[in-house]
Structures are given as C-alpha cells and as structure tokens.
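These notes are about the structure you will find just below.
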Number of protein chains: 2
Amino acid sequence: MRAIDIIRKKRDGEELTSAEIDFFVRGSHSDAEWAPYQLSVLLMAVFLRGMTTREIAHLTHAMADSGKRLDLSDIPGPKVDKHSTGGVGDKTSLILGPLAAACGVVVPMISGRGLGHSGGTLDKLESIPGFRVGLSESEFRTALRNVKLGMIGQTQDIAPADKALYALRDVTSTVESIPLITASILSKKLAEGISGLVMDVKCGRGAFMKTREDARALADSLVRVGTANGLKMTALLTAMDAPLGRCVGNSLEVLESIEVLKGTSTSKDLTDLSVLLAARMVKLAGLASDDQDAEVRVRNALTSGAGLEVFRNCIEQQGGDPHVIDDPTRLPMATRSTQVRTDRTGFIDQIDAELVGIAAMRLGAGRNRAEDTIDHAVGIVICVKPGEKIRSGESLFEVRFNDEAKLAAATDLLQRAYTISESPPTEQRLILEEIA
Amino acid sequence: MRAIDIIRKKRDGEELTSAEIDFFVRGSHSDAEWAPYQLSVLLMAVFLRGMTTREIAHLTHAMADSGKRLDLSDIPGPKVDKHSTGGVGDKTSLILGPLAAACGVVVPMISGRGLGHSGGTLDKLESIPGFRVGLSESEFRTALRNVKLGMIGQTQDIAPADKALYALRDVTSTVESIPLITASILSKKLAEGISGLVMDVKCGRGAFMKTREDARALADSLVRVGTANGLKMTALLTAMDAPLGRCVGNSLEVLESIEVLKGTSTSKDLTDLSVLLAARMVKLAGLASDDQDAEVRVRNALTSGAGLEVFRNCIEQQGGDPHVIDDPTRLPMATRSTQVRTDRTGFIDQIDAELVGIAAMRLGAGRNRAEDTIDHAVGIVICVKPGEKIRSGESLFEVRFNDEAKLAAATDLLQRAYTISESPPTEQRLILEEIA
C-alpha cells in the first residue's frame, strides 16, 4: 500500500477502504510511510472531495484506536457525556455535568481549552483556586466513582492521531471539513469509554458553523458516525448569535454557573439549555422513560440543590477550593471595571457573540494562539440581553479588566457589538432543531 | 502574507493575485514561510480547483524567474524551440532540430530524460559516443553561434522552483494537473530565451494525455499561457497510439533519425511529423511567408542533406563522434536479438505504444525510477507498422537485448501489444488538430 495511491484515489473522489484509512491514520502519528506533505495533501483531498459515512466512521474508529481507550465497565452506572462545538459564554458543561450526575449519570468529561473567540471548559475550571484538570487515570476513575463526574483535559495518550492531524489541519487551511471535524470530535469521545453522547452544535455569528445548513450537516454527520461506532447519539442545533448567559470570561462564568445551580441566576437561556442538554443525557443513559420525565428529573436536581452539591464535591475531588460555592470572593476577580453605555433608548436587538468573544480575548480571557497565557479574572458582564429594554446613558456591558493597555481594543469591539431597535425584536429561538 | 490564507483562497476556488503566486513560488525553493506540507496542500487545491489563464501565466513567469533566464539577444537569428509531452519512439527532436537550424532558426533545445514508458532526448543523444549534453552556458552559446543548434539538459540554475514543486507533485499525486503541467513546461522553455515555441501534444494510449479532450485542454492552456508570456505559440495534437517510426530504444532511435535525415527511412509517420514540426518552427521564426512556404523550405533542407550536415556538426560541436553518421556500427548495438512472430495472417490493426514503451524499459532502454541506469544499446524494431500486411510466421518485432534475464518480460508485453484484423484498418490520422 502506498500513500500516493491513496491520495490519488481520494483526489479522484473515490471511497477509501478501511485498510487504506488504517494505513493513513497509522502514518499520521508514527514514523510510517507517510510524509507530512502527503498527510496534508490527503486532508485537502478529503476537504474538497468529502467522505462517505462509512469512511468517516472508520476514520473515527481508527483515530480513537490510535491511543488509549478508557474502559469504564468496572465503574457502575451508564456513562454519557455532552460535547459542544464551542461558543461564547457557553458554560453549560459546568452546570449540566453536575445535574446529570445528580440524576445518576456517570459523566467522564474530557474537555478542551479556549481558542480564538471561544472559551474552553478547562480554562474556566482552572479559575477555581487549586482545581486540577490534569488528573491521572486512577484519580479520574476515583472521581467518577465518588462523584459520578470528572472534568479533565485530553491526555497525551488519547487519540494521538487526532493531535497530529489537527496540528497539520491548523496550518494547512483544512480545518472546516465536516468529515474531519466529525472524526476529530468523536474519536476523542469514543476514547472516553462512554455509551452515549449529546452534541450541542452551535449555529450563528458566534459559532464555528455560521449557517443552519452547515450546522445541520455537521450534526447529521456526528449522529450518523457516532451511531455507527455504537454510541447512542442525539444532537441539538442551538443558536449562538448572542452570548449564552450574562457572563463571558473564566471566573465570571464559574460564578454564573454556581448561580444557575443555586437557582439565583436570571439567565433563562443558560438555565434552559443546561437543563435540556442534561435531560437528554439522562434519557440516553436510560434513566428516564421519555424526554419529559428526564427534564422533570433534572429540574428536581436543580431545585433540590443536588446538582450544586455534585459540583461542590467535584471541585473538592479535583483539588479545588469548594468554598467558592458559598463565597465567590475566593474566585479571582479583576481589580478594575468600566461600563460600556449606550446613548440611545430602545430594545436590544442583537448582541454579536463573536465580537464579545474577541473583546474578552483582547482583555486576556482567551488565547489568540494556543501558547498564549490567559487571565482568569477578566471578562465581560452583559447587563442587558437581547429583547430587554435599555435607556440612553445606561450600561450595556460591564468590562472587568486588569491591564488598562488592553481595555481600548475591547471596548471598541463592544461598542460595535450590539444593535438597538425601537420596538421589541421578535424572540429568537435558542433550540433550533434536534437530530437523533 | 500567510501561506494558510493563500491555501484557503485557492481551496475555496478563488483567483490568487500575482503577489500571492510570487510568495508561493519563492516559498517553494527557498527557506521561506512555506513548509512542504503547505506547498503540497496548495498543489492539491490547484489540482482540484484549477487556475485561471492569468494565474497560470503568472505562475509560469514566476517559476521561470526563480532561476537563470538565458539572454540570447547577442546571438543573431530568431530563436525557436519545440517541446513534446512525451511518447514512444518519438525522436523528432533529433530530426527537426537540424532541419530547422538548416533553415536559419536558432534552436536552443533544453530537453529531459526518459521516465517510465517514454523515452528522453538526452538519453538518445548520449548513445552517441562522446556526446555531452552537459555543456556550460558558454559552450552552449558557442554551439548556437556555430551550428544554430544546441541540445542540452536542464541545469541546476534553470527554474529551481519547478524542480522543487515537481519533486513534491511526484510524491503527492498532483502531477496530472493542466495548470501545473503548463507552468512546469513553459517555465523551463521561457528560461531558454526563445521567442517562439511549437508544442507537440501527444494524445492516445502511449501518451500522458489519453483522451482528445484532455490533450486539447492542455494544448489550449499551453498556447494561451505561452502567448501571455510573450511567446509565439502553436500546438499540434498528434496521435500517440502506436510508436512513432520503427525504432524504440536509444541508439536505435539515433540510427533511425540519421536515416530520416539521409532520406533513406521508410518511416513516413516520423518523417512527416518531423517536417511538419520543423516547418512550424520556421514559420514562427518569421523565416517563411506561410505554412506551405515553410514546409517547402524544410523539405529542401531534408533532400539537400543540409539537415544531415547540421546534425553532423552538432554532434561534433558537443564532443560526439560525427562518424556515426556514415558508420552506424560506431553506435552501441546490442549483441543479441530475437524475433517476436505472429501465427496469424492479416493486417496490423493496432500496436500499443505504451506496452512497447514498457517492453523497451524492461529491456533496459528506459528508467522505472529516475535513479535507474540505462542501456543505450537495447531496444525494439517494429518490423510491420499498423495498416501493413503480415503473414503467419513472420516477425512483428525484433528485440535487441543484452541481458537474457530481461527478455521474457519484454517479449510477453510485445505479444500482447498488437492486434491483427482480416481487412486493412482505416488509416489513423497522425495530426489530429492544430491550436494556435
């Protein structure tokens, strides 16, 4: 078998065999017969020619098999996770993980870091003093046994083929390919040892997928390929035009998550989405008779405070300071703040999630490049959400900052990030579609 | 300017600017901001997305400018060359070069070596004892002044970007791209310092372009891009289903070329095509009033022996033994021969040029890989050409070989290389089309 023949085949739009895909995946992360310039060329051929579901399913399987796959069969309970394609202000993992665990789901969550305008669960968790996302496998297993919830980062031995291929895609403009995105996401999820996965595919200005068609195509691919690999799957298409909730920035998002779990948050969009995603996890786990039953169970875990207790235990289990739950001043908070006000009166029509995300990144909350360090304390509070009324002179955003040199770029972006209309805008749906 | 942005643009089917193409070409042969895995990905994007004539013209220009471009303005006379896309038994360069030079054209011919089933002009010339294809620039200029004909190989300083990109294309299945083939051919020809170029685009079983449509598309691209770069261009589409002439193999092809120049050859196809191509060179050089006038001049150079004298002088000028013209036994000839006979009576319908070319390669006349060494003395004589009659028991091919171990593979191929019909086949046209 030769790399150039496989490249030629895909170049000409043919379907690759499983053996050819195995050969490629092996070549991507070992000193095999594939040079980097051959790997990248195949990625471009896949980008432009596509792959069948059978090909993507096998690519996913081979990439998962390139490293360690957790076997969690000795830990009692159904294992189900959620994965989001990334958005702005999306801290649902910190809420639905505890809620699903409180309902009996074991949640072995392996998350990523923020990049560009999107935040990352690991960065948010690390704003909790002492919280360790780098658990060993045995610590992770202990967390899952004790708390039913573990939240860690990708280890070196999970899906090394994905790491190698992603690094190449990043520098060869071959990222935005549905087959390659599908295999990248699901190979890591397969390695978690789960039996079910709820996908939150974001769609809109602040999302990776800008259009409904693209988001639907990705969701469809994820459900088909996940199912082909033995996972119970459901995918929700959710709007990511405006930021989710009222806080963007790491410690601010932890704080907002705690408020949701306490029932004191006014962010209905964030609460509703977190509950819905957790309910789907409960359903896929086989712990509810139907969608409605699942949602009742999750709402109960929220109002009873059971979810909050799981989060407290999770923080403690992973070395973090559990007192942040009761005393938010223990979270790092920026020392200074300023208001972005409007000189118009009316209704907030739109808030551009991407611009808000970039503004937060400029403040230091996110990374422009993977090697950048971040400031967990800074961020943006959205004082008025789309559909709400605002008067001339009132604050639209509160900017929490530490470094004044970074402020102007952020406030400039925020000034351009909203539109105001004279009449209330039509309410935008948060849940656009479900594909299962 | 960043490689990934240029890749993204071409990936999405957009037209690259001249500055972007310059940046890519510079990156291909210098330690610039392009990694090999980025170069190869752009090649695949070009392969699948194509390029406009403007893009190909600039790519060609930039690749020519990546190295030395000969300035032949101090050598009197119009400079015109011919280039063929490669075939089996195609020794027209050895015939038309002398004929065009005899008519007053200066022919600065930079040729290649054989690879796969196709022969190469340099290998044929090197079968002449002493002949040096590696002239220095000043020796090449002297040859052009004295003989009006120089036949050399590509030097290291001609179009280094083409060398680098071709090496990558070869290992990434991105060879068969009309924009990339066009730029590769014409960048080297532009570096020759010519004002006109006759292209012989081969079409058929033994050619790189198997179909008329592909050959026409390449010819069309070559003419448009050459013209955009200031060359006078004409392209002939010629049939390469059967080998050209009666000899395949290096010294055998030199011998056949000498016979054509002497007027003693019975290979009408070879003679006619050589004369036609030489006439087009004369016409592009401005040395004839029209096609017919040009052809008369070339026929005169043939019958007068003027072309033969140029070839003799060319051989002498480049260090070869000019006595091979009068005494063919001075050419290396295989010590042994065998006949491939047929057991049927009828008319030769087809002879598969590709199989004959591979058979010659198996004997040692050609290279499977660029680093293989070749045997100039071996080859195949085609005793009966398509349309000619053959009787059961008669020889179809005479195989000249040195190494008996290589014989069986060659004769097996030759046994499968022909078809015989009961009635005379319709005559196949050699010149299919002309694009100017």
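Starting from 1 in every chain, residues are counted up; chains themselves are A, B, ... following the order of the structure tokens, and ligands are numbered from 1 as listed.
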Problem - Neighbours of chain B in chain A at 12 Å, counting only C-alpha atoms, as a PyMOL selection string - result: chain A and resi 2-13+33-49+165+167-177
Handout entry: Within 8 Å of A:Ala239 using only C-alpha atoms, minus same-chain residues under 6 positions, as a list in words
Key =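 So, after excluding close chain neighbours, the residues are Lys202, Cys203, Gly204, Arg429, Leu430, Ile431 and Leu432 of chain A.
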Exercise for the section: Can you work out the spacing between atom CA of B:Gly67 and atom CA of B:Leu197 in Å, to one decimal? Expected result: 19.9 Å
Handout entry: Near-A:Glu433 list (10 Å; only C-alpha atoms; drop same-chain fewer than 5 positions) as a PyMOL selection string
Key = chain A and resi 201+212+216+219+235-239
Dump C-alpha atoms for the selected residues as a PDB file, in the first residue's frame?
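New file part.pdb:
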```
ATOM      1  CA  VAL A 201     -23.963  22.013  17.626  1.00  0.00           C
ATOM      2  CA  ARG A 212     -28.164  26.500   9.640  1.00  0.00           C
ATOM      3  CA  ARG A 216     -27.296  20.669  10.309  1.00  0.00           C
ATOM      4  CA  ALA A 219     -24.985  17.443  13.381  1.00  0.00           C
ATOM      5  CA  ALA A 235     -27.661  16.382  18.551  1.00  0.00           C
ATOM      6  CA  LEU A 236     -29.261  19.743  19.278  1.00  0.00           C
ATOM      7  CA  LEU A 237     -28.761  22.676  16.954  1.00  0.00           C
ATOM      8  CA  THR A 238     -28.699  25.726  19.200  1.00  0.00           C
ATOM      9  CA  ALA A 239     -28.425  29.424  18.411  1.00  0.00           C
TER      10      ALA A 239
END
```
Exercise for the section: For B:Pro386, work out the shell of residues within 10 Å, counting only C-alpha atoms and skipping chain neighbours fewer than 5 positions away, then give it as an MDAnalysis selection string. Expected result: chainID B and resid 242:243 347:351 418:420 424:428
Selection export as a tab-separated table (two decimals), in the first residue's frame, atoms kept: N, CA, C and O atoms:
```tsv
chain	number	residue	atom	x	y	z
B	242	ALA	N	0.19	4.30	-31.50
B	242	ALA	CA	1.26	3.39	-31.88
B	242	ALA	C	2.59	4.14	-31.75
B	242	ALA	O	2.61	5.37	-31.77
B	243	PRO	N	3.72	3.42	-31.60
B	243	PRO	CA	5.01	4.10	-31.55
B	243	PRO	C	5.24	4.88	-32.84
B	243	PRO	O	4.73	4.53	-33.91
B	347	PHE	N	-3.86	-7.98	-41.39
B	347	PHE	CA	-3.30	-6.63	-41.36
B	347	PHE	C	-3.09	-6.20	-39.92
B	347	PHE	O	-3.92	-6.49	-39.05
B	348	ILE	N	-1.96	-5.53	-39.67
B	348	ILE	CA	-1.74	-4.99	-38.32
B	348	ILE	C	-2.77	-3.90	-38.08
B	348	ILE	O	-2.86	-2.93	-38.84
B	349	ASP	N	-3.55	-4.12	-37.03
B	349	ASP	CA	-4.61	-3.16	-36.71
B	349	ASP	C	-4.05	-2.08	-35.79
B	349	ASP	O	-4.05	-0.90	-36.12
B	350	GLN	N	-3.58	-2.51	-34.62
B	350	GLN	CA	-3.04	-1.55	-33.65
B	350	GLN	C	-1.76	-2.10	-33.04
B	350	GLN	O	-1.59	-3.31	-32.88
B	351	ILE	N	-0.87	-1.19	-32.70
B	351	ILE	CA	0.30	-1.54	-31.88
B	351	ILE	C	0.27	-0.60	-30.68
B	351	ILE	O	0.26	0.63	-30.85
B	418	TYR	N	-0.13	-6.04	-29.83
B	418	TYR	CA	-0.66	-5.77	-31.17
B	418	TYR	C	-1.97	-6.51	-31.40
B	418	TYR	O	-2.28	-7.49	-30.73
B	419	THR	N	-2.74	-6.00	-32.35
B	419	THR	CA	-3.93	-6.71	-32.82
B	419	THR	C	-3.86	-6.82	-34.33
B	419	THR	O	-3.30	-5.95	-35.01
B	420	ILE	N	-4.40	-7.93	-34.84
B	420	ILE	CA	-4.40	-8.18	-36.29
B	420	ILE	C	-5.85	-8.31	-36.75
B	420	ILE	O	-6.66	-8.93	-36.08
B	424	PRO	N	-7.84	-4.43	-44.08
B	424	PRO	CA	-6.98	-3.30	-43.71
B	424	PRO	C	-7.74	-2.34	-42.81
B	424	PRO	O	-8.91	-2.03	-43.09
B	425	PRO	N	-7.13	-1.90	-41.71
B	425	PRO	CA	-7.81	-0.95	-40.81
B	425	PRO	C	-7.92	0.41	-41.49
B	425	PRO	O	-7.16	0.72	-42.40
B	426	THR	N	-8.90	1.22	-41.05
B	426	THR	CA	-8.96	2.58	-41.57
B	426	THR	C	-7.70	3.30	-41.12
B	426	THR	O	-7.25	3.15	-39.98
B	427	GLU	N	-7.16	4.10	-42.04
B	427	GLU	CA	-5.90	4.77	-41.71
B	427	GLU	C	-6.10	5.79	-40.58
B	427	GLU	O	-7.06	6.55	-40.62
B	428	GLN	N	-5.23	5.74	-39.62
B	428	GLN	CA	-5.33	6.66	-38.49
B	428	GLN	C	-4.57	7.94	-38.83
B	428	GLN	O	-3.46	7.88	-39.35
```
Exercise for the section: Do a neighbour search on B:Asp162 at 8 Å with only C-alpha atoms, toss out local chain neighbours closer than 6 positions, and write the hits as a PyMOL selection string. Expected result: chain B and resi 63+184+187-188
Practice task
Give the alpha helix (DSSP H) residues of stretch 238-375 of chain A, as DSSP finds them on the backbone, and put them as a PyMOL selection string.
Solution key: chain A and resi 250-262+268-284+291-303+306-317+353-363
Just the selected residues (C-alpha atoms), exported as a compact mmCIF listing (two decimals), in the first residue's frame, please.
```txt
# COMPACT_ATOMS: atom_id res chain seq x y z
CA ASN A 250 -13.40 32.40 33.08
CA SER A 251 -14.05 33.14 36.76
CA LEU A 252 -17.17 35.14 35.83
CA GLU A 253 -18.52 32.08 34.05
CA VAL A 254 -17.84 29.83 37.05
CA LEU A 255 -19.69 32.33 39.17
CA GLU A 256 -22.64 32.38 36.80
CA SER A 257 -22.70 28.56 36.73
CA ILE A 258 -22.87 28.46 40.52
CA GLU A 259 -25.74 30.95 40.41
CA VAL A 260 -27.65 28.74 37.98
CA LEU A 261 -27.07 25.69 40.19
CA LYS A 262 -28.26 27.74 43.18
CA LYS A 268 -33.02 31.89 31.46
CA ASP A 269 -31.30 30.92 28.17
CA LEU A 270 -28.36 29.40 30.02
CA THR A 271 -30.52 27.62 32.57
CA ASP A 272 -32.94 26.23 29.99
CA LEU A 273 -30.22 24.96 27.67
CA SER A 274 -28.26 23.37 30.50
CA VAL A 275 -31.38 21.59 31.77
CA LEU A 276 -32.36 20.43 28.29
CA LEU A 277 -28.89 19.03 27.49
CA ALA A 278 -28.70 17.34 30.92
CA ALA A 279 -32.15 15.84 30.33
CA ARG A 280 -31.01 14.38 27.01
CA MET A 281 -28.03 12.84 28.81
CA VAL A 282 -30.36 11.30 31.39
CA LYS A 283 -32.53 9.98 28.58
CA LEU A 284 -29.60 8.48 26.61
CA ASP A 291 -37.88 13.45 27.31
CA GLN A 292 -40.40 14.94 29.69
CA ASP A 293 -39.58 12.55 32.52
CA ALA A 294 -35.88 13.27 32.01
CA GLU A 295 -36.44 17.02 32.18
CA VAL A 296 -38.50 16.70 35.39
CA ARG A 297 -35.68 14.73 36.98
CA VAL A 298 -33.11 17.36 36.01
CA ARG A 299 -35.31 20.25 37.20
CA ASN A 300 -35.66 18.43 40.50
CA ALA A 301 -31.88 18.05 40.78
CA LEU A 302 -31.64 21.78 40.20
CA THR A 303 -34.28 22.96 42.65
CA ALA A 306 -28.47 18.17 44.40
CA GLY A 307 -26.64 19.47 41.31
CA LEU A 308 -24.92 22.18 43.35
CA GLU A 309 -23.74 19.53 45.83
CA VAL A 310 -22.26 17.44 43.00
CA PHE A 311 -20.37 20.48 41.72
CA ARG A 312 -19.06 21.19 45.25
CA ASN A 313 -17.92 17.59 45.58
CA CYS A 314 -16.40 17.63 42.11
CA ILE A 315 -14.35 20.74 42.92
CA GLU A 316 -13.15 19.19 46.17
CA GLN A 317 -12.39 15.84 44.50
CA ALA A 353 -21.35 36.83 20.19
CA GLU A 354 -18.20 36.74 18.06
CA LEU A 355 -17.29 40.37 18.79
CA VAL A 356 -17.98 39.91 22.51
CA GLY A 357 -15.81 36.78 22.45
CA ILE A 358 -12.98 38.62 20.73
CA ALA A 359 -13.33 41.52 23.17
CA ALA A 360 -12.96 39.09 26.08
CA MET A 361 -9.93 37.54 24.38
CA ARG A 362 -8.37 41.00 23.98
CA LEU A 363 -8.82 41.60 27.70
```
Handout entry: Pick from B:Arg145, B:Arg344, B:His58, B:Lys210, whichever lies nearest to B:Pro179 using only C-alpha atoms
Key =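 With only C-alpha atoms as the atom set, the closest residue is B:His58.
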